[in-house]
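This report concerns only the one structure given below.
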Amino acid sequence: CSKTKVILALRELPLQLDSQDHLHKYQDEFIFPKVNDKKVIYFTGNSLGLQPKRTKKYIDEVMDDWANLAVEGHFYAEKPWWDYQERFANPLSKLVGALPTEITVMNTLTVNLHLLMVSFYRPTSKRYKIICEEKAFPSDQYMFQSQVHFHGYKPEDVIVEIKRREGEHNIRLEDVLTKIEEVGEELALVLIGGVNYYTGQVFDMKTITEAGHKQGAYVGWDLAHAAGNIKLELHDWNVDFAAWCSYKYMNSGPGNASGCFVHEKHHTNKELPRFAGWWGHNKERRFKMEPVFDPVHGAGGWQISNLPILSLAPYLASVEMFDEIGMDQLILKRDKITSYLEFILNEISKEVQGSFEIITPTNPSERACQLSVLLHGEGRSLFDYLMKNGVITDWREPNVIRLAPVPLYTSYEDMFHFGQILKTGIVEK
Ligand SMILES: Cc1ncc(COP(=O)(O)O)c(C=O)c1O
Ligand SMILES: Nc1c(O)cccc1C(=O)C[C@H](N)C(=O)O
């Protein structure tokens with residue numbers, strides 16, 4: 001009888017948590033794929049966020065303006081296209097803790113990191129090393145290697161990876177700081193993923209940025225898994241530059257535009273080289289077709305081409321939704337639902353001893369909206385089972401599934417159902 005009471009209490013808990021959740025209603029703002037005619041439990045918002053229903057309206061508006069106004073849309077559209085990107089400055093600056101002038105949107109993430117490295121990675125014979133994390137997202141690794149080759153160096157002489165200790169899954173802050181000090185005056189740039197894509201580990205960006213500066217290096221961040229997920233204070237942390245994509249937690253659609261941050265302290269530095277294009281040229285005089293580049297003051301001066309409005313439209317829809325809710329509310333729910341998911345996983349783990357382990361840090365200040373689960377044994381078949389049963393996760397080699405309980409559109413009840421499906425999957429396997 002007491003066991004029945006416990007089971008009932010466990011069943012009641014998610015319903016109660018959902019009824020207290022101020023963000024619960026936002027689930028209805030998103031379109032969920034279906035499996036077996038049922039809405040999926042979606043854990044892959046850290047790869048591609050779901051489509052918000054309001055997005056279509058923003059795209060339709062651009063399509064209508066294009067149909068009705070054609071070229072005149074640049075200046076007379078409902079939201080004129082020629083300075084459309086400026087609509088992002090206020091809401092995005094709040095989201096990443098920046099001044100509006102420190103923000104711009106353009107291109108895609110790896111492209112922007114390359115462009116920012118043009119400005120912030122300028123190796124000399126004495127100062128040429130780059131510190132990054134071991135097993136950074138592959139695109140970052142290819143970027144580092146190609147940048148190093150471009151400057152005529154060899155990756156093995158330049159790229160210093162911070163390693164995990166033997167038998168550990170996460171990188172220790174003390175090891176990052178020691179490495180920065182060790183590389184010392186040879187250090188040109190620190191560029192790390194603010195939230196590691198594989199483990200979900202959140203780095204202490206403030207402390208690492210300070211340490212890099214102490215050695216005279218620039219410090220930038222790849223915020224692919226951080227934007228829209230964690231609290232950022234890029235301006236106050238004195239970060240030199242950062243970039244993020246918008247298709248993960250920001251739900252702007254596949255491969256969509258990237259956001260960029262360049263700290264105010266660099267805005268007047270005429271010495272910083274950059275690759276230029278007319279969209280970075282003085283706004284008032286852009287259409288005078290002048291021969292000499294005069295950069296816009298602020299991050300906008302890093303713009304190159306006129307912007308793809310049809311892809312910015314969904315990003316704007318998303319940014320406005322985030323502005324409506326605010327990161328603080330999202331973070332409150334994020335921590336609660338991630339801990340609830342962790343509780344469920346730990347309970348199941350006790351029952352099915354040794355089948356899996358969570359490799360994301362347990363310390364809430366070192367994680368956000370992601371739990372990475374290392375599956376022991378026949379992991380792939382369990383992943384397939386989950387997918388067939390309407391639980392969308394992703395598989396990362398060699399044996400990890402990542403679960404991102406995105407606070408905007410996952411519910412406590414989803415977590416509960418997931419637990420039941422997982423348990424059955426492990427037992428049946
Ligand atoms: C940490 C990280 N960096 C870079 C990328 C590459 O982004 P993109 O393909 O938009 O350049 C991704 C995701 O794809 C990522 O997760
Ligand atoms: N952008 C992606 C895609 O077009 C296909 C598959 C995956 C992606 C991703 O974004 C992966 C993601 N950066 C990750 O953390 O794994």
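Please note that chains go A, B, ... in the order of the structure tokens, that every chain numbers its residues from 1, and that ligands are numbered from 1 in the order shown.
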Give me the residues near Ile180 (chain A) as number ranges by chain, where near means some atom within 7 Å (using only C-alpha atoms) and where sequence neighbours in that chain fewer than 3 positions away do not count. A: 176-177, 183-184, 211-212
Generate the output file for the selected residues, N, CA, C and O atoms, as a short mmCIF file (atom, residue, chain, number, x, y, z; two decimals), in the first residue's frame.
```cif
data_model
loop_
_atom_site.label_atom_id
_atom_site.label_comp_id
_atom_site.auth_asym_id
_atom_site.auth_seq_id
_atom_site.Cartn_x
_atom_site.Cartn_y
_atom_site.Cartn_z
N VAL A 176 42.03 24.73 -17.16
CA VAL A 176 41.98 25.78 -18.19
C VAL A 176 42.90 26.92 -17.76
O VAL A 176 43.74 27.41 -18.54
N LEU A 177 42.77 27.31 -16.51
CA LEU A 177 43.54 28.45 -16.02
C LEU A 177 45.04 28.14 -16.00
O LEU A 177 45.87 28.99 -16.38
N VAL A 183 50.92 28.75 -21.20
CA VAL A 183 51.20 29.23 -22.57
C VAL A 183 51.65 30.69 -22.51
O VAL A 183 52.47 31.14 -23.32
N GLY A 184 51.13 31.42 -21.55
CA GLY A 184 51.62 32.76 -21.21
C GLY A 184 51.75 33.71 -22.38
O GLY A 184 50.79 33.95 -23.12
N ALA A 211 41.47 35.51 -17.27
CA ALA A 211 42.78 34.84 -17.28
C ALA A 211 43.48 35.03 -18.63
O ALA A 211 44.69 35.27 -18.68
N GLY A 212 42.71 34.93 -19.72
CA GLY A 212 43.30 35.11 -21.06
C GLY A 212 43.84 36.53 -21.22
O GLY A 212 44.94 36.74 -21.73
#
```
Pick out each residue of region 53-118 of chain A that DSSP on the backbone tags as strand (DSSP E); I need them as a ChimeraX atom specification. /A:103-106
Taking only C-alpha atoms and all ligand atoms and a cut-off of 6 Å, can you tell me which residues surround ligand 2, written as a ChimeraX atom specification? /A:47,197,255
With C-alpha atoms retained, export the selected residues as an mmCIF file, in the first residue's frame.
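Contents of out_28.cif, freshly written:
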```cif
data_model
loop_
_atom_site.group_PDB
_atom_site.id
_atom_site.type_symbol
_atom_site.label_atom_id
_atom_site.label_comp_id
_atom_site.auth_asym_id
_atom_site.auth_seq_id
_atom_site.Cartn_x
_atom_site.Cartn_y
_atom_site.Cartn_z
ATOM 1 C CA SER A 47 20.481 20.801 -32.433
ATOM 2 C CA TYR A 197 28.094 20.500 -27.337
ATOM 3 C CA GLY A 255 20.985 26.613 -40.841
#
```
Expected answer as number ranges by chain: residues within 9 Å of ligand 1, only C-alpha atoms and all ligand atoms: A: 46-47, 107-113, 136-140, 192-198, 222-226, 244-248, 254-258
If you count only C-alpha atoms, the residue of A:Phe203, A:Tyr315, A:Tyr153, A:Tyr76 closest to Ile59 (chain A) turns out to be A:Tyr315
Residues at most 10 Å from Trp395 (chain A), counting only C-alpha atoms, excluding those fewer than 5 positions away in the same chain, as a ChimeraX atom specification? /A:372-373,379-380,383-384,400-403
Any chance you can output those residues with N, CA, C and O atoms as an mmCIF file, in the first residue's frame?
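Written file, again05.cif:
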```cif
data_model
loop_
_atom_site.group_PDB
_atom_site.id
_atom_site.type_symbol
_atom_site.label_atom_id
_atom_site.label_comp_id
_atom_site.auth_asym_id
_atom_site.auth_seq_id
_atom_site.Cartn_x
_atom_site.Cartn_y
_atom_site.Cartn_z
ATOM 1 N N SER A 372 23.774 14.728 -20.983
ATOM 2 C CA SER A 372 24.321 13.761 -21.931
ATOM 3 C C SER A 372 24.443 12.434 -21.213
ATOM 4 O O SER A 372 25.000 12.359 -20.115
ATOM 5 N N VAL A 373 23.917 11.420 -21.850
ATOM 6 C CA VAL A 373 23.855 10.114 -21.204
ATOM 7 C C VAL A 373 24.742 9.141 -21.973
ATOM 8 O O VAL A 373 24.546 8.927 -23.180
ATOM 9 N N GLY A 379 24.132 0.511 -26.933
ATOM 10 C CA GLY A 379 23.453 1.794 -26.851
ATOM 11 C C GLY A 379 22.591 2.126 -28.043
ATOM 12 O O GLY A 379 21.474 2.617 -27.916
ATOM 13 N N ARG A 380 23.111 1.807 -29.226
ATOM 14 C CA ARG A 380 22.434 2.251 -30.455
ATOM 15 C C ARG A 380 21.000 1.694 -30.550
ATOM 16 O O ARG A 380 20.094 2.358 -31.023
ATOM 17 N N PHE A 383 18.709 3.766 -28.447
ATOM 18 C CA PHE A 383 18.438 5.023 -29.141
ATOM 19 C C PHE A 383 17.347 4.799 -30.210
ATOM 20 O O PHE A 383 16.378 5.562 -30.302
ATOM 21 N N ASP A 384 17.497 3.717 -30.991
ATOM 22 C CA ASP A 384 16.502 3.432 -32.038
ATOM 23 C C ASP A 384 15.132 3.187 -31.411
ATOM 24 O O ASP A 384 14.111 3.622 -31.937
ATOM 25 N N VAL A 400 26.766 8.166 -26.965
ATOM 26 C CA VAL A 400 26.085 9.160 -26.119
ATOM 27 C C VAL A 400 24.767 9.597 -26.747
ATOM 28 O O VAL A 400 24.691 9.831 -27.956
ATOM 29 N N ILE A 401 23.714 9.673 -25.922
ATOM 30 C CA ILE A 401 22.525 10.391 -26.378
ATOM 31 C C ILE A 401 22.427 11.678 -25.561
ATOM 32 O O ILE A 401 22.751 11.698 -24.376
ATOM 33 N N ARG A 402 22.029 12.731 -26.254
ATOM 34 C CA ARG A 402 21.918 14.030 -25.568
ATOM 35 C C ARG A 402 20.430 14.338 -25.389
ATOM 36 O O ARG A 402 19.625 14.153 -26.302
ATOM 37 N N LEU A 403 20.105 14.794 -24.197
ATOM 38 C CA LEU A 403 18.714 15.117 -23.892
ATOM 39 C C LEU A 403 18.650 16.586 -23.486
ATOM 40 O O LEU A 403 19.233 16.979 -22.478
#
```
With distances taken over only C-alpha atoms, which residue among A:Tyr340, A:Phe293, A:Tyr84, A:Tyr385 lies nearest Leu371 (chain A)?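 For Leu371 (chain A), the nearest of the candidates is A:Tyr340.
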Filtered DSSP result for region 175-383 of chain A, state alpha helix (DSSP H), as a VMD selection string: chain A and resid 175 to 183 205 to 214 309 to 325 327 to 351 379 to 383
Quick one: distance from CA of Met117 (chain A) to CA of Cys369 (chain A) in Å, one decimal? 28.3 Å
Which residues are close to Gly228 (chain A), i.e. within 9 Å by only C-alpha atoms, leaving aside same-chain residues fewer than 5 positions away? Reply as a PyMOL selection string. chain A and resi 95-96+246+248-250+322+327+330
Let's have the selection written as a PDB file, in the first residue's frame, with N, CA, C and O atoms.
```pdb
ATOM      1  N   LEU A  95      19.564  39.542 -24.358  1.00  0.00           N
ATOM      2  CA  LEU A  95      19.724  38.089 -24.265  1.00  0.00           C
ATOM      3  C   LEU A  95      21.163  37.664 -23.966  1.00  0.00           C
ATOM      4  O   LEU A  95      21.403  36.646 -23.317  1.00  0.00           O
ATOM      5  N   VAL A  96      22.123  38.434 -24.466  1.00  0.00           N
ATOM      6  CA  VAL A  96      23.523  38.010 -24.273  1.00  0.00           C
ATOM      7  C   VAL A  96      24.297  38.959 -23.365  1.00  0.00           C
ATOM      8  O   VAL A  96      25.507  38.805 -23.207  1.00  0.00           O
ATOM      9  N   SER A 246      21.416  30.484 -34.542  1.00  0.00           N
ATOM     10  CA  SER A 246      20.087  30.827 -34.034  1.00  0.00           C
ATOM     11  C   SER A 246      19.107  29.664 -34.182  1.00  0.00           C
ATOM     12  O   SER A 246      17.945  29.785 -33.853  1.00  0.00           O
ATOM     13  N   LYS A 248      19.285  26.604 -32.833  1.00  0.00           N
ATOM     14  CA  LYS A 248      19.166  25.647 -31.731  1.00  0.00           C
ATOM     15  C   LYS A 248      18.115  26.174 -30.748  1.00  0.00           C
ATOM     16  O   LYS A 248      16.930  26.146 -31.044  1.00  0.00           O
ATOM     17  N   TYR A 249      18.582  26.688 -29.604  1.00  0.00           N
ATOM     18  CA  TYR A 249      17.627  27.150 -28.584  1.00  0.00           C
ATOM     19  C   TYR A 249      16.802  28.328 -29.067  1.00  0.00           C
ATOM     20  O   TYR A 249      15.771  28.634 -28.488  1.00  0.00           O
ATOM     21  N   MET A 250      17.267  29.012 -30.123  1.00  0.00           N
ATOM     22  CA  MET A 250      16.553  30.202 -30.564  1.00  0.00           C
ATOM     23  C   MET A 250      15.519  29.922 -31.649  1.00  0.00           C
ATOM     24  O   MET A 250      14.861  30.852 -32.129  1.00  0.00           O
ATOM     25  N   PHE A 322      11.590  35.527 -27.169  1.00  0.00           N
ATOM     26  CA  PHE A 322      12.523  35.509 -26.026  1.00  0.00           C
ATOM     27  C   PHE A 322      12.434  36.814 -25.232  1.00  0.00           C
ATOM     28  O   PHE A 322      12.513  36.811 -24.006  1.00  0.00           O
ATOM     29  N   MET A 327      15.156  35.871 -20.167  1.00  0.00           N
ATOM     30  CA  MET A 327      16.015  34.721 -19.843  1.00  0.00           C
ATOM     31  C   MET A 327      15.823  34.245 -18.404  1.00  0.00           C
ATOM     32  O   MET A 327      15.959  33.069 -18.114  1.00  0.00           O
ATOM     33  N   LEU A 330      13.117  31.700 -18.151  1.00  0.00           N
ATOM     34  CA  LEU A 330      13.524  30.477 -18.851  1.00  0.00           C
ATOM     35  C   LEU A 330      14.523  29.682 -18.016  1.00  0.00           C
ATOM     36  O   LEU A 330      14.443  28.456 -17.939  1.00  0.00           O
TER      37      LEU A 330
END
```
As a check of understanding: the span from CA of Gly49 (chain A) to CA of Ser93 (chain A) is 20.6 Å
I need the residue nearest Lys56 (chain A) from this list: A:Glu72, A:Glu357, A:Glu29, A:Glu181. Use only C-alpha atoms for the distance.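 Nearest to Lys56 (chain A): A:Glu29.
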A:Gln201, A:Ser146, A:Asn90, A:Asn238: which is nearest Arg172 (chain A), counting only C-alpha atoms?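 Using only C-alpha atoms, the shortest distance to Arg172 (chain A) belongs to A:Gln201.
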Determine the nearest neighbour of Phe30 (chain A) from the options A:Val406, A:Glu351, A:Trp82, A:Ser339, counting only C-alpha atoms.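 Closest residue, counting only C-alpha atoms: A:Val406.
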Set the distance at 12 Å and use only C-alpha atoms: which residues neighbour Val105 (chain A) once local chain neighbours fewer than 6 positions away are removed? I'd like the list as a PyMOL selection string. chain A and resi 83-93+111-112+242-246+256-262+279-280+299-309+311-313+315-316+319
Selected residues, N, CA and C atoms, written as a tab-separated table (two decimals), in the first residue's frame, please.
```tsv
chain	number	residue	atom	x	y	z
A	83	ASP	N	17.60	48.16	-43.24
A	83	ASP	CA	18.17	48.16	-41.88
A	83	ASP	C	17.44	47.16	-40.97
A	84	TYR	N	16.91	46.10	-41.60
A	84	TYR	CA	16.16	45.06	-40.89
A	84	TYR	C	16.96	44.50	-39.70
A	85	GLN	N	18.28	44.37	-39.91
A	85	GLN	CA	19.12	43.75	-38.87
A	85	GLN	C	19.12	44.55	-37.57
A	86	GLU	N	18.80	45.84	-37.68
A	86	GLU	CA	18.85	46.67	-36.46
A	86	GLU	C	17.75	46.29	-35.47
A	87	ARG	N	16.71	45.64	-35.96
A	87	ARG	CA	15.63	45.20	-35.05
A	87	ARG	C	16.12	44.17	-34.03
A	88	PHE	N	17.27	43.59	-34.30
A	88	PHE	CA	17.78	42.55	-33.40
A	88	PHE	C	18.60	43.13	-32.25
A	89	ALA	N	19.11	44.34	-32.46
A	89	ALA	CA	20.11	44.86	-31.53
A	89	ALA	C	19.59	44.91	-30.09
A	90	ASN	N	18.39	45.46	-29.89
A	90	ASN	CA	17.89	45.58	-28.52
A	90	ASN	C	17.56	44.24	-27.88
A	91	PRO	N	16.67	43.44	-28.51
A	91	PRO	CA	16.36	42.17	-27.85
A	91	PRO	C	17.55	41.25	-27.70
A	92	LEU	N	18.42	41.18	-28.72
A	92	LEU	CA	19.57	40.27	-28.59
A	92	LEU	C	20.58	40.76	-27.56
A	93	SER	N	20.69	42.10	-27.45
A	93	SER	CA	21.67	42.61	-26.48
A	93	SER	C	21.23	42.22	-25.06
A	111	VAL	N	31.16	30.81	-40.30
A	111	VAL	CA	31.60	31.93	-41.15
A	111	VAL	C	31.93	33.13	-40.25
A	112	ASN	N	31.06	33.41	-39.30
A	112	ASN	CA	31.31	34.56	-38.43
A	112	ASN	C	32.53	34.37	-37.54
A	242	ALA	N	32.25	37.20	-29.79
A	242	ALA	CA	31.51	35.93	-29.67
A	242	ALA	C	30.59	35.80	-30.86
A	243	ALA	N	30.18	34.57	-31.14
A	243	ALA	CA	29.17	34.35	-32.18
A	243	ALA	C	28.35	33.13	-31.80
A	244	TRP	N	27.15	33.07	-32.31
A	244	TRP	CA	26.26	31.95	-32.00
A	244	TRP	C	25.36	31.69	-33.20
A	245	CYS	N	24.78	30.49	-33.25
A	245	CYS	CA	23.80	30.24	-34.30
A	245	CYS	C	22.42	30.43	-33.69
A	246	SER	N	21.42	30.48	-34.54
A	246	SER	CA	20.09	30.83	-34.03
A	246	SER	C	19.11	29.66	-34.18
A	256	ASN	N	20.02	28.63	-39.96
A	256	ASN	CA	19.73	30.07	-40.05
A	256	ASN	C	20.84	30.96	-39.47
A	257	ALA	N	20.59	32.27	-39.61
A	257	ALA	CA	21.60	33.31	-39.38
A	257	ALA	C	22.23	33.24	-38.00
A	258	SER	N	23.37	33.87	-37.91
A	258	SER	CA	24.16	33.85	-36.67
A	258	SER	C	24.17	35.24	-36.06
A	259	GLY	N	24.33	35.28	-34.75
A	259	GLY	CA	24.50	36.56	-34.05
A	259	GLY	C	25.97	36.76	-33.72
A	260	CYS	N	26.38	38.01	-33.68
A	260	CYS	CA	27.78	38.33	-33.38
A	260	CYS	C	27.86	39.37	-32.29
A	261	PHE	N	28.90	39.28	-31.50
A	261	PHE	CA	29.19	40.27	-30.48
A	261	PHE	C	30.63	40.74	-30.66
A	262	VAL	N	30.80	42.05	-30.68
A	262	VAL	CA	32.17	42.61	-30.64
A	262	VAL	C	32.16	43.67	-29.54
A	279	TRP	N	27.72	46.37	-46.65
A	279	TRP	CA	26.74	46.45	-45.56
A	279	TRP	C	27.40	46.85	-44.23
A	280	GLY	N	28.74	46.86	-44.22
A	280	GLY	CA	29.43	47.36	-43.03
A	280	GLY	C	29.81	48.83	-43.17
A	299	ALA	N	29.43	46.70	-33.82
A	299	ALA	CA	29.54	45.37	-34.44
A	299	ALA	C	29.03	45.38	-35.88
A	300	GLY	N	28.12	46.29	-36.19
A	300	GLY	CA	27.59	46.41	-37.55
A	300	GLY	C	28.68	46.67	-38.58
A	301	GLY	N	29.81	47.18	-38.13
A	301	GLY	CA	30.94	47.44	-39.03
A	301	GLY	C	31.59	46.15	-39.54
A	302	TRP	N	31.20	45.01	-38.95
A	302	TRP	CA	31.74	43.72	-39.42
A	302	TRP	C	30.82	43.09	-40.48
A	303	GLN	N	29.68	43.74	-40.75
A	303	GLN	CA	28.77	43.23	-41.79
A	303	GLN	C	29.47	43.24	-43.14
A	304	ILE	N	29.03	42.39	-44.02
A	304	ILE	CA	29.64	42.36	-45.37
A	304	ILE	C	28.57	42.55	-46.45
A	305	SER	N	27.63	41.59	-46.51
A	305	SER	CA	26.65	41.63	-47.60
A	305	SER	C	25.30	42.13	-47.12
A	306	ASN	N	24.47	42.56	-48.04
A	306	ASN	CA	23.09	42.87	-47.67
A	306	ASN	C	22.43	41.57	-47.20
A	307	LEU	N	21.46	41.71	-46.31
A	307	LEU	CA	21.06	40.54	-45.52
A	307	LEU	C	19.94	39.71	-46.12
A	308	PRO	N	19.97	38.39	-45.86
A	308	PRO	CA	18.91	37.51	-46.36
A	308	PRO	C	17.65	37.67	-45.50
A	309	ILE	N	16.78	38.58	-45.90
A	309	ILE	CA	15.62	38.95	-45.07
A	309	ILE	C	14.71	37.76	-44.79
A	311	SER	N	15.52	34.81	-44.24
A	311	SER	CA	15.96	33.99	-43.11
A	311	SER	C	16.02	34.79	-41.82
A	312	LEU	N	16.15	36.09	-41.94
A	312	LEU	CA	16.12	36.88	-40.70
A	312	LEU	C	14.71	36.94	-40.10
A	313	ALA	N	13.70	36.83	-40.96
A	313	ALA	CA	12.32	36.95	-40.46
A	313	ALA	C	12.01	35.93	-39.36
A	315	TYR	N	14.10	34.47	-37.45
A	315	TYR	CA	14.96	34.79	-36.30
A	315	TYR	C	14.33	35.94	-35.50
A	316	LEU	N	13.76	36.89	-36.22
A	316	LEU	CA	13.12	38.02	-35.53
A	316	LEU	C	11.91	37.54	-34.71
A	319	VAL	N	13.39	36.01	-31.61
A	319	VAL	CA	13.99	36.99	-30.69
A	319	VAL	C	12.89	37.73	-29.94
```
For CA of Asp157 (chain A) and CA of Asp175 (chain A), determine how far apart the two atoms are, in Å to one decimal place.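 If I compute the distance from CA of Asp157 (chain A) to CA of Asp175 (chain A), I get 19.8 Å.
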